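The file structure13.txt contains compact mmCIF, C-alpha atoms:
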```
# COMPACT_ATOMS: atom_id res chain seq x y z
CA MET A 95 122.06 49.43 179.53
CA LYS A 96 120.71 52.70 180.89
CA ASN A 97 122.41 54.53 178.07
CA VAL A 98 120.90 52.28 175.45
CA PHE A 99 117.45 52.78 176.93
CA SER A 100 117.84 56.57 177.04
CA PHE A 101 119.03 56.50 173.44
CA LEU A 102 115.89 54.58 172.49
CA ILE A 103 113.70 57.14 174.28
CA VAL A 104 115.47 59.98 172.45
CA LEU A 105 114.98 58.22 169.13
CA VAL A 106 111.29 57.58 169.80
CA SER A 107 110.65 61.18 170.91
CA LEU A 108 112.54 62.42 167.87
CA GLY A 109 110.35 60.30 165.66
CA LEU A 110 107.22 61.87 167.10
CA THR A 111 108.18 65.42 166.14
CA ALA A 112 110.56 65.12 163.21
CA GLN A 113 109.21 65.55 159.71
CA ASN A 114 111.95 66.79 157.47
CA GLN A 115 113.45 63.94 155.48
CA ALA A 116 114.12 65.91 152.32
CA VAL A 117 116.42 68.79 153.18
CA ALA A 118 119.77 68.94 154.97
CA GLY A 119 122.60 71.42 155.23
CA GLY A 120 125.01 71.67 152.31
CA GLU A 121 122.42 71.48 149.54
CA LYS A 122 122.73 73.81 146.57
CA LEU A 123 120.24 74.12 143.75
CA VAL A 124 120.93 76.43 140.83
CA PHE A 125 118.14 77.55 138.50
CA THR A 126 117.83 79.68 135.40
CA ALA A 127 114.93 82.10 135.37
CA SER A 128 113.62 82.79 131.88
CA TYR A 129 110.95 84.82 130.20
CA ASN A 130 109.02 82.90 127.62
CA MET A 131 107.21 84.82 124.91
CA SER A 132 105.53 82.86 122.13
CA GLY A 133 107.90 79.98 122.74
CA ILE A 134 111.03 82.15 122.59
CA LEU A 135 113.03 81.85 125.78
CA ASN A 136 115.07 84.71 127.21
CA ASP A 137 117.32 83.89 130.13
CA LEU A 138 117.03 86.65 132.70
CA ALA A 139 118.63 85.59 135.97
CA GLN A 140 120.23 82.88 138.00
CA VAL A 141 118.36 81.75 141.07
CA THR A 142 120.07 79.70 143.77
CA MET A 143 118.63 77.88 146.74
CA GLU A 144 121.21 76.95 149.36
CA THR A 145 121.03 75.36 152.77
CA ASN A 146 123.63 75.47 155.52
CA THR A 147 123.77 74.34 159.10
CA VAL A 148 124.20 77.23 161.50
CA ASN A 149 125.20 76.78 165.12
CA THR A 150 124.30 79.26 167.81
CA SER A 151 125.42 78.79 171.42
CA SER A 152 122.18 77.00 172.27
CA SER A 153 120.92 75.38 169.13
CA THR A 154 121.50 74.18 165.61
CA LEU A 155 119.44 75.73 162.87
CA LEU A 156 119.14 75.37 159.14
CA HIS A 157 119.97 78.47 157.14
CA LEU A 158 117.88 78.60 153.97
CA LYS A 159 119.17 81.08 151.45
CA CYS A 160 117.64 82.05 148.11
CA THR A 161 119.32 84.51 145.80
CA ALA A 162 118.38 85.96 142.44
CA THR A 163 121.06 87.55 140.27
CA THR A 164 120.51 88.89 136.78
CA PHE A 165 122.85 87.75 134.01
CA SER A 166 125.57 90.25 133.13
CA LYS A 167 123.87 91.25 129.86
CA TRP A 168 120.94 92.59 131.89
CA ASP A 169 122.93 94.33 134.61
CA SER A 170 123.20 97.64 132.77
CA PHE A 171 119.45 97.64 132.02
CA PHE A 172 117.84 96.23 135.13
CA LYS A 173 120.18 94.86 137.76
CA ILE A 174 118.74 92.46 140.30
CA ARG A 175 120.53 91.30 143.46
CA ASP A 176 117.90 89.74 145.68
CA LEU A 177 118.60 87.88 148.89
CA TYR A 178 115.98 85.94 150.83
CA GLU A 179 117.03 84.10 153.98
CA SER A 180 115.30 82.08 156.65
CA TYR A 181 116.68 80.41 159.75
CA VAL A 182 114.56 77.39 160.59
CA SER A 183 114.42 74.32 162.75
CA PRO A 184 116.10 71.50 160.82
CA THR A 185 113.36 69.03 161.67
CA SER A 186 110.09 70.92 161.58
CA ILE A 187 111.15 73.88 159.34
CA THR A 188 109.75 76.24 161.98
CA PRO A 189 111.16 79.68 161.15
CA TYR A 190 112.90 81.89 163.72
CA LEU A 191 114.39 84.64 161.61
CA TYR A 192 113.64 85.82 158.10
CA LYS A 193 115.52 88.40 156.10
CA ARG A 194 114.84 89.89 152.71
CA ASP A 195 117.27 92.29 151.11
CA ILE A 196 116.40 93.23 147.56
CA TYR A 197 117.98 95.43 144.92
CA GLU A 198 115.88 95.61 141.78
CA GLY A 199 116.94 98.21 139.24
CA GLY A 200 117.81 100.75 141.94
CA TYR A 201 114.87 99.90 144.19
CA VAL A 202 116.21 98.83 147.60
CA LYS A 203 114.08 97.25 150.29
CA LYS A 204 114.89 95.27 153.42
CA MET A 205 112.57 93.19 155.57
CA GLU A 206 113.30 91.31 158.76
CA TYR A 207 110.97 89.10 160.75
CA LYS A 208 111.95 88.00 164.23
CA TYR A 209 109.58 85.20 165.14
CA ASP A 210 108.32 84.57 168.64
CA GLN A 211 107.06 81.02 168.19
CA LYS A 212 105.80 80.82 171.79
CA ASN A 213 103.40 83.74 171.47
CA HIS A 214 102.92 83.47 167.69
CA THR A 215 104.02 86.98 166.92
CA VAL A 216 106.52 88.51 164.54
CA LYS A 217 108.61 91.60 165.11
CA SER A 218 108.86 93.07 161.66
CA THR A 219 111.31 95.70 160.49
CA LYS A 220 110.88 97.15 157.03
CA SER A 221 113.33 99.63 155.56
CA LYS A 222 113.27 101.27 152.16
CA LYS A 223 115.85 103.43 150.49
CA ARG A 224 114.76 106.94 149.62
CA LYS A 225 115.86 108.73 146.45
CA ASP A 226 118.32 110.83 148.46
CA GLY A 227 120.06 107.66 149.67
CA THR A 228 118.68 107.68 153.21
CA TYR A 229 116.52 104.88 154.64
CA TRP A 230 113.17 105.01 156.39
CA ASP A 231 112.26 102.26 158.81
CA GLU A 232 108.94 100.85 159.88
CA LYS A 233 108.67 98.56 162.89
CA LYS A 234 105.60 96.46 163.60
CA ASN A 235 104.47 93.66 165.86
CA ILE A 236 102.28 91.26 163.93
CA ALA A 237 100.19 88.42 165.33
CA ILE A 238 100.52 85.31 163.19
CA GLY A 239 98.98 81.85 163.07
CA ALA A 240 100.70 78.86 164.64
CA ASN A 241 101.73 77.50 161.24
CA THR A 242 102.52 80.76 159.46
CA LYS A 243 105.85 80.76 157.70
CA ASP A 244 107.77 83.11 155.47
CA LEU A 245 108.14 82.51 151.74
CA VAL A 246 111.48 80.69 151.93
CA ALA A 247 110.47 78.41 154.80
CA THR A 248 107.22 77.59 152.97
CA LEU A 249 109.13 76.54 149.86
CA TYR A 250 111.22 74.14 151.91
CA LYS A 251 108.28 73.01 154.05
CA LEU A 252 106.52 71.95 150.85
CA ARG A 253 109.38 69.55 150.16
CA THR A 254 108.90 67.78 153.47
CA PHE A 255 105.38 66.58 152.66
CA ASP A 256 104.70 63.02 151.65
CA PHE A 257 103.10 63.15 148.21
CA SER A 258 103.22 59.39 147.62
CA LYS A 259 99.67 58.88 148.90
CA ALA A 260 98.23 62.10 147.46
CA THR A 261 95.47 61.79 144.88
CA PRO A 262 95.15 64.22 141.94
CA GLY A 263 93.06 67.21 142.93
CA LYS A 264 94.04 67.08 146.58
CA SER A 265 95.09 70.46 147.88
CA LYS A 266 96.76 71.94 150.91
CA THR A 267 96.68 75.54 152.03
CA LEU A 268 99.67 77.05 153.76
CA THR A 269 99.81 80.47 155.38
CA VAL A 270 102.65 82.66 154.20
CA ILE A 271 103.67 86.00 155.68
CA PHE A 272 104.89 88.39 153.00
CA ASP A 273 105.20 92.18 153.25
CA ASN A 274 103.73 92.05 156.77
CA GLN A 275 100.59 90.35 155.52
CA GLU A 276 99.43 86.79 155.87
CA GLU A 277 98.43 85.17 152.59
CA GLN A 278 96.78 81.81 152.02
CA VAL A 279 98.68 79.86 149.39
CA THR A 280 96.98 76.77 148.02
CA PHE A 281 99.03 73.95 146.53
CA THR A 282 97.04 71.46 144.48
CA PHE A 283 98.47 68.08 143.58
CA LEU A 284 97.84 67.45 139.88
CA GLY A 285 99.55 64.07 139.54
CA THR A 286 102.91 62.74 138.45
CA GLU A 287 104.69 63.57 135.21
CA THR A 288 108.06 62.63 133.72
CA ILE A 289 110.03 65.62 132.44
CA ASN A 290 113.49 66.19 130.98
CA THR A 291 115.72 68.41 133.10
CA ALA A 292 119.38 69.42 133.17
CA ILE A 293 119.89 66.84 135.93
CA GLY A 294 118.29 64.06 133.91
CA LYS A 295 114.89 62.65 133.11
CA LYS A 296 112.87 62.87 136.30
CA ASN A 297 109.54 61.53 137.43
CA CYS A 298 107.93 64.49 139.18
CA TYR A 299 105.02 65.50 141.35
CA LYS A 300 103.14 68.25 139.54
CA LEU A 301 101.62 70.96 141.75
CA ALA A 302 99.51 74.01 141.00
CA ILE A 303 100.05 77.12 143.12
CA ALA A 304 97.49 79.84 143.78
CA ILE A 305 97.42 82.75 146.20
CA ASN A 306 93.84 83.06 147.36
CA THR A 307 93.73 86.72 148.32
CA SER A 308 96.09 88.29 145.83
CA ASP A 309 96.17 89.02 142.12
CA VAL A 310 99.69 87.67 141.94
CA LEU A 311 99.82 84.04 140.84
CA LYS A 312 96.07 83.98 140.37
CA GLY A 313 94.29 81.60 138.06
CA THR A 314 93.77 77.90 137.93
CA ASN A 315 96.75 75.77 137.02
CA ASP A 316 98.64 78.65 135.43
CA ASN A 317 101.38 78.53 138.02
CA LEU A 318 102.92 75.12 138.21
CA LEU A 319 105.72 73.48 140.12
CA TRP A 320 107.39 70.16 139.50
CA LEU A 321 109.09 68.36 142.41
CA THR A 322 111.08 65.19 141.84
CA ALA A 323 109.12 62.14 142.96
CA ASP A 324 111.90 60.89 145.21
CA ASP A 325 112.91 61.46 148.82
CA ASN A 326 114.61 64.80 148.01
CA LYS A 327 111.58 66.35 146.30
CA VAL A 328 113.82 68.78 144.46
CA PRO A 329 111.99 71.57 142.62
CA VAL A 330 113.19 71.09 139.04
CA TYR A 331 110.83 73.19 136.99
CA ALA A 332 108.33 75.96 137.63
CA LYS A 333 106.07 77.90 135.31
CA PHE A 334 104.42 81.20 136.19
CA LYS A 335 101.89 83.19 134.24
CA ILE A 336 102.73 86.88 134.04
CA ALA A 337 101.15 89.84 132.23
CA VAL A 338 102.66 89.12 128.80
CA GLY A 339 103.98 85.63 128.21
CA ASN A 340 105.11 83.48 131.10
CA GLY A 341 108.08 82.98 133.35
CA GLU A 342 109.99 79.78 133.81
CA LEU A 343 112.43 78.45 136.35
CA ARG A 344 114.56 75.54 135.14
CA ILE A 345 117.06 73.65 137.24
CA LYS A 346 120.68 73.92 136.12
CA SER A 347 122.46 71.89 138.79
CA ALA A 348 121.81 70.21 142.11
CA SER A 349 124.44 69.24 144.66
CA GLY A 350 124.62 68.12 148.29
CA LEU A 351 121.22 66.43 148.21
CA LYS A 352 120.25 64.61 151.38
CA ASN A 353 119.11 61.32 149.84
CA MET B 180 97.97 98.21 99.76
CA LYS B 181 101.58 97.94 98.63
CA LYS B 182 102.49 101.03 100.71
CA LEU B 183 100.95 99.47 103.80
CA PHE B 184 103.08 96.33 103.44
CA ILE B 185 106.20 98.41 102.78
CA ILE B 186 105.57 100.50 105.91
CA ILE B 187 104.93 97.36 108.02
CA ALA B 188 108.10 95.75 106.64
CA LEU B 189 110.18 98.84 107.40
CA ILE B 190 108.82 99.31 110.95
CA ALA B 191 109.24 95.60 111.72
CA ALA B 192 112.81 95.64 110.33
CA VAL B 193 113.78 98.64 112.48
CA LEU B 194 112.18 97.01 115.54
CA ALA B 195 114.05 93.77 114.82
CA LEU B 196 117.32 95.67 114.56
CA ILE B 197 116.73 97.46 117.87
CA LEU B 198 115.76 94.21 119.64
CA SER B 199 118.75 92.36 118.20
CA VAL B 200 121.26 94.72 119.85
CA LEU B 201 119.44 94.57 123.21
CA PRO B 202 119.69 91.62 125.63
CA LEU B 203 116.25 90.57 124.36
CA SER B 204 117.85 89.60 121.03
CA ASN B 205 115.87 86.35 120.87
CA LEU B 206 112.70 88.36 120.48
CA ALA B 207 114.07 89.96 117.30
CA TYR B 208 113.04 86.83 115.36
CA ILE B 209 109.35 87.79 115.58
CA PRO B 210 109.60 91.24 113.86
CA SER B 211 112.22 89.82 111.47
CA ILE B 212 109.78 87.22 110.20
CA LEU B 213 107.06 89.88 109.98
CA ALA B 214 109.38 92.21 108.03
CA LEU B 215 110.35 89.47 105.58
CA ALA B 216 106.74 88.36 105.09
CA SER B 217 105.50 91.92 104.55
CA GLY B 218 108.38 92.75 102.17
CA ILE B 219 107.83 89.64 100.07
CA THR B 220 104.06 90.28 99.99
CA ALA B 221 104.67 93.88 98.84
CA LEU B 222 106.92 92.60 96.08
CA ILE B 223 104.43 89.98 94.93
CA ILE B 224 101.38 92.29 94.93
CA HIS B 225 102.76 94.94 92.61
CA LYS B 226 105.91 93.90 90.85
CA GLU B 227 105.93 96.73 88.32
CA LYS B 228 105.40 99.72 90.69
CA PRO B 229 108.31 101.60 92.28
CA GLY B 230 109.27 101.21 95.96
CA LYS B 231 111.75 98.37 95.60
CA LYS B 232 114.48 100.46 97.23
CA THR B 233 112.49 100.77 100.47
CA ILE B 234 111.78 97.04 100.45
CA SER B 235 115.48 96.34 99.86
CA LEU B 236 116.31 98.56 102.83
CA ALA B 237 113.80 96.65 104.99
CA PHE B 238 115.35 93.35 103.85
CA LEU B 239 118.85 94.61 104.56
CA LEU B 240 117.90 95.73 108.09
CA THR B 241 116.17 92.41 108.70
CA VAL B 242 119.19 90.41 107.57
CA ILE B 243 121.48 92.47 109.84
CA ALA B 244 119.06 91.96 112.75
CA LEU B 245 118.91 88.22 112.08
CA CYS B 246 122.70 87.98 111.89
CA PHE B 247 123.04 89.76 115.25
CA SER B 248 120.39 87.56 116.89
CA VAL B 249 121.79 84.28 115.56
CA TYR B 250 125.35 85.25 116.51
CA LYS B 251 124.27 86.24 120.03
CA SER B 252 122.19 83.11 120.57
CA ILE B 253 125.11 80.87 119.49
CA PHE B 254 128.11 82.60 121.01
CA THR B 255 126.78 84.48 124.05
CA VAL B 256 126.72 82.43 127.24
CA SER B 257 124.44 83.63 130.02
CA GLU B 258 126.74 84.41 132.92
CA VAL B 259 126.21 86.11 136.22
CA GLY B 260 128.03 89.44 136.47
CA ASP B 261 130.12 90.75 139.34
CA THR B 262 128.69 89.47 142.60
CA THR B 263 131.60 90.19 144.96
CA GLU B 264 129.75 92.97 146.74
CA PHE B 265 126.62 90.85 146.93
CA GLU B 266 128.52 87.89 148.37
CA GLU B 267 130.15 90.11 150.98
CA LYS B 268 126.74 91.44 151.94
CA THR B 269 125.42 87.88 152.22
CA ALA B 270 128.30 86.80 154.49
CA GLN B 271 127.80 89.86 156.68
CA SER B 272 124.08 89.12 156.88
CA VAL B 273 124.82 85.61 158.23
CA GLU B 274 127.06 87.03 160.98
CA GLU B 275 124.41 89.56 161.96
CA SER B 276 121.71 86.89 161.89
CA ILE B 277 123.63 84.59 164.24
CA GLU B 278 124.01 87.49 166.65
CA THR B 279 120.27 88.21 166.44
CA LEU B 280 119.41 84.54 166.94
CA GLU B 281 121.69 84.36 169.99
CA ASN B 282 120.46 87.53 171.68
CA GLU B 283 116.95 88.30 170.57
CA ILE B 284 115.17 85.12 169.56
CA ASP B 285 113.85 82.38 171.79
CA ILE B 286 114.40 79.09 169.99
CA ILE B 287 111.90 76.57 171.30
CA ASP B 288 112.48 73.77 168.82
CA GLU B 289 116.06 72.80 169.57
CA GLU B 290 116.83 69.58 167.78
CA PRO B 291 119.99 68.19 166.26
CA VAL B 292 120.42 68.45 162.51
CA VAL B 293 119.92 65.23 160.62
CA THR B 294 122.85 65.28 158.19
CA ASN B 295 123.95 62.97 155.40
CA GLU B 296 126.48 61.40 157.70
CA THR B 297 123.88 60.43 160.27
CA GLU B 298 123.16 56.74 160.22
CA THR B 299 119.60 55.61 160.62
CA ILE B 300 119.66 53.00 163.35
CA SER B 301 116.66 50.77 163.61
CA ILE B 302 115.46 49.25 166.86
CA ASP B 303 116.37 45.81 165.52
CA THR B 304 120.02 46.84 165.05
CA ILE B 305 120.22 48.23 168.55
CA THR B 306 118.57 45.24 170.15
CA LYS B 307 120.95 42.95 168.26
CA GLN B 308 123.87 44.92 169.69
CA ILE B 309 122.61 44.46 173.23
CA PRO B 310 124.26 41.32 174.64
CA SER B 311 121.72 38.66 175.41
CA LYS B 312 121.05 38.75 179.10
CA LYS B 313 118.99 36.54 181.28
CA PRO B 314 115.32 37.50 181.73
CA ASP B 315 115.88 38.65 185.31
CA LEU B 316 117.43 41.88 183.99
CA ASN B 317 113.93 42.81 182.86
CA VAL B 318 114.89 44.67 179.68
CA PRO B 319 111.80 46.60 178.60
CA LYS B 320 110.53 45.25 175.30
CA ILE B 321 109.33 47.93 172.94
CA PRO B 322 106.12 46.96 171.19
CA LYS B 323 105.91 46.93 167.38
CA LYS B 324 103.83 50.15 167.23
CA GLU B 325 106.52 52.20 168.94
CA GLU B 326 109.20 50.74 166.71
CA SER B 327 107.56 52.35 163.71
CA ALA B 328 107.57 55.72 165.49
CA VAL B 329 111.36 55.73 165.31
CA GLU B 330 111.20 56.02 161.53
CA ILE B 331 110.90 59.73 160.80
CA GLU B 332 107.56 60.10 159.05
CA PRO B 333 106.99 63.09 156.78
CA GLU B 334 103.68 64.89 157.04
CA GLU B 335 101.16 63.72 154.48
CA PHE B 336 100.17 66.21 151.76
```

Structure translated into structure tokens:
Amino acid sequence: MKNVFSFLIVLVSLGLTAQNQAVAGGEKLVFTASYNMSGILNDLAQVTMETNTVNTSSSTLLHLKCTATTFSKWDSFFKIRDLYESYVSPTSITPYLYKRDIYEGGYVKKMEYKYDQKNHTVKSTKSKKRKDGTYWDEKKNIAIGANTKDLVATLYKLRTFDFSKATPGKSKTLTVIFDNQEEQVTFTFLGTETINTAIGKKNCYKLAIAINTSDVLKGTNDNLLWLTADDNKVPVYAKFKIAVGNGELRIKSASGLKN
Amino acid sequence: MKKLFIIIALIAAVLALILSVLPLSNLAYIPSILALASGITALIIHKEKPGKKTISLAFLLTVIALCFSVYKSIFTVSEVGDTTEFEEKTAQSVEESIETLENEIDIIDEEPVVTNETETISIDTITKQIPSKKPDLNVPKIPKKEESAVEIEPEEF
């Protein structure tokens, strides 16, 4: 009887803190990134979003991995091999470690954030490759807000929100740390929309994204994201306004979904 | 006026040809259409004047560009190139990250992962499993409000 009671207490306490019902380990989403100019689509790269459960000696974390790889036809012109990783709490998506390792047409840059969630600080290490092949490092201690997350963790955190009661026009601002700077990213709920995707016809939540303090992704409703209106809230389509034309991210396949 | 259209047609045809051999072959349709339109216009405006050879050349280049673009859009499948090195780097990064997480990072939010295999057990199911005992055992009854707390509630947007 004691065991049953303790189990109940654990369940109740879990219920008070747990929020993530959308993402679990073993999920893999594959996207095609395209450049759209006057309605003509050009496939540029494959983007994947993967989750895995990672065990350390003391805890279990969720490893969120995003990669961007250019298609072979582009490799000789502008090769991209980008890796973005975040190690987060599986329930609250609180990040503990973030890594960014990018290779974009010869430009190499690495970033690492070691979060101290008790004191709300981040130990940041930035390293860039010089032309002679050597690296220069820059280490910084940055004070962050209690809810500040990296880009990858923010993307997954967005999926944990309950949009079912949201009304069109309602917005939420999340703080994202990128390149050692905190940025306010506002997500505005625009309503629901049914769209055709590679994984079928999906009823989706339509969101507008805007970075308040940056020129990137600026503008009203130019940068849009569609999340499936189910428990998984899978991002199936995204549209971004860029200098000439616009960029698109279309889902190709989805596997290992939680619900 | 005819010269202008011939020049536009020729430039557009060359541009279309260049684009058609590049990975941006889909974009070759735009200058191709422009080259064809300008060439036809030049022909219509002054039928009797010379310059047909240049227009023919523009048409020929445009047709070649279109053939390349159509062929590439039908038969070329977008595939990711060699990622062996990248995958190795990714695997190595995971190993290094685990080491960092073990030694350098204080994880304050240690909770078990909710996986697909995990069964959601409601209070009702558990209480049904508990054998009915006499009241003297004084089993604490959980009020309705706390029962709902067991269901993992996502944060409202």

Please report, as JSON lines, each residue of chain A lying at most 7 Å from chain B, together with the nearest pair of atoms and the separation in Å rounded to one decimal; use only C-alpha atoms, and order rows by chain and ascending residue number.
```
{"residue": "A:Leu105", "atom": "CA", "partner": "B:Val329", "partner_atom": "CA", "distance": 5.8}
{"residue": "A:Val106", "atom": "CA", "partner": "B:Val329", "partner_atom": "CA", "distance": 4.9}
{"residue": "A:Gly109", "atom": "CA", "partner": "B:Val329", "partner_atom": "CA", "distance": 4.7}
{"residue": "A:Leu110", "atom": "CA", "partner": "B:Ala328", "partner_atom": "CA", "distance": 6.4}
{"residue": "A:Ala112", "atom": "CA", "partner": "B:Ile331", "partner_atom": "CA", "distance": 5.9}
{"residue": "A:Gln113", "atom": "CA", "partner": "B:Pro333", "partner_atom": "CA", "distance": 4.4}
{"residue": "A:Asn114", "atom": "CA", "partner": "B:Pro333", "partner_atom": "CA", "distance": 6.2}
{"residue": "A:Gln115", "atom": "CA", "partner": "B:Pro333", "partner_atom": "CA", "distance": 6.6}
{"residue": "A:Ala118", "atom": "CA", "partner": "B:Thr294", "partner_atom": "CA", "distance": 5.8}
{"residue": "A:Gly119", "atom": "CA", "partner": "B:Thr294", "partner_atom": "CA", "distance": 6.8}
{"residue": "A:Ile134", "atom": "CA", "partner": "B:Asn205", "partner_atom": "CA", "distance": 6.6}
{"residue": "A:Asn136", "atom": "CA", "partner": "B:Asn205", "partner_atom": "CA", "distance": 6.6}
{"residue": "A:Thr150", "atom": "CA", "partner": "B:Glu281", "partner_atom": "CA", "distance": 6.1}
{"residue": "A:Ser151", "atom": "CA", "partner": "B:Glu281", "partner_atom": "CA", "distance": 6.9}
{"residue": "A:Ser153", "atom": "CA", "partner": "B:Glu289", "partner_atom": "CA", "distance": 5.5}
{"residue": "A:Thr154", "atom": "CA", "partner": "B:Pro291", "partner_atom": "CA", "distance": 6.2}
{"residue": "A:Thr163", "atom": "CA", "partner": "B:Val259", "partner_atom": "CA", "distance": 6.7}
{"residue": "A:Thr164", "atom": "CA", "partner": "B:Val259", "partner_atom": "CA", "distance": 6.4}
{"residue": "A:Phe165", "atom": "CA", "partner": "B:Val259", "partner_atom": "CA", "distance": 4.3}
{"residue": "A:Ser166", "atom": "CA", "partner": "B:Gly260", "partner_atom": "CA", "distance": 4.2}
{"residue": "A:Lys167", "atom": "CA", "partner": "B:Pro202", "partner_atom": "CA", "distance": 6.0}
{"residue": "A:Trp168", "atom": "CA", "partner": "B:Pro202", "partner_atom": "CA", "distance": 6.5}
{"residue": "A:Ser183", "atom": "CA", "partner": "B:Asp288", "partner_atom": "CA", "distance": 6.4}
{"residue": "A:Pro184", "atom": "CA", "partner": "B:Val292", "partner_atom": "CA", "distance": 5.6}
{"residue": "A:Lys208", "atom": "CA", "partner": "B:Ile284", "partner_atom": "CA", "distance": 6.9}
{"residue": "A:Asp210", "atom": "CA", "partner": "B:Asp285", "partner_atom": "CA", "distance": 6.7}
{"residue": "A:Thr254", "atom": "CA", "partner": "B:Pro333", "partner_atom": "CA", "distance": 6.0}
{"residue": "A:Phe255", "atom": "CA", "partner": "B:Glu334", "partner_atom": "CA", "distance": 5.0}
{"residue": "A:Asp256", "atom": "CA", "partner": "B:Glu335", "partner_atom": "CA", "distance": 4.6}
{"residue": "A:Phe257", "atom": "CA", "partner": "B:Phe336", "partner_atom": "CA", "distance": 5.5}
{"residue": "A:Ala260", "atom": "CA", "partner": "B:Phe336", "partner_atom": "CA", "distance": 6.3}
{"residue": "A:Lys266", "atom": "CA", "partner": "B:Phe336", "partner_atom": "CA", "distance": 6.7}
{"residue": "A:Lys352", "atom": "CA", "partner": "B:Asn295", "partner_atom": "CA", "distance": 5.7}
```

*asked:* Between atom CA of Val249 of chain B and atom CA of Asp137 of chain A, what distance in Å does the model show, to one decimal?
replied: 15.2 Å

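Nearest residue to Leu191 of chain A among A:Lys233, A:Lys222, A:Pro329, A:Val246 is A:Val246, counting all atoms listed in the file.
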
*Hey, can you check how far atom CA of Lys193 of chain A sits from atom CA of Tyr331 of chain A?*
24.9 Å

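Minimum atom-to-atom distances from B:Leu183, B:Leu213, B:Ile197, B:Ala270 to Phe238 of chain B were compared using all atoms listed in the file, and the lowest value belongs to B:Leu213.
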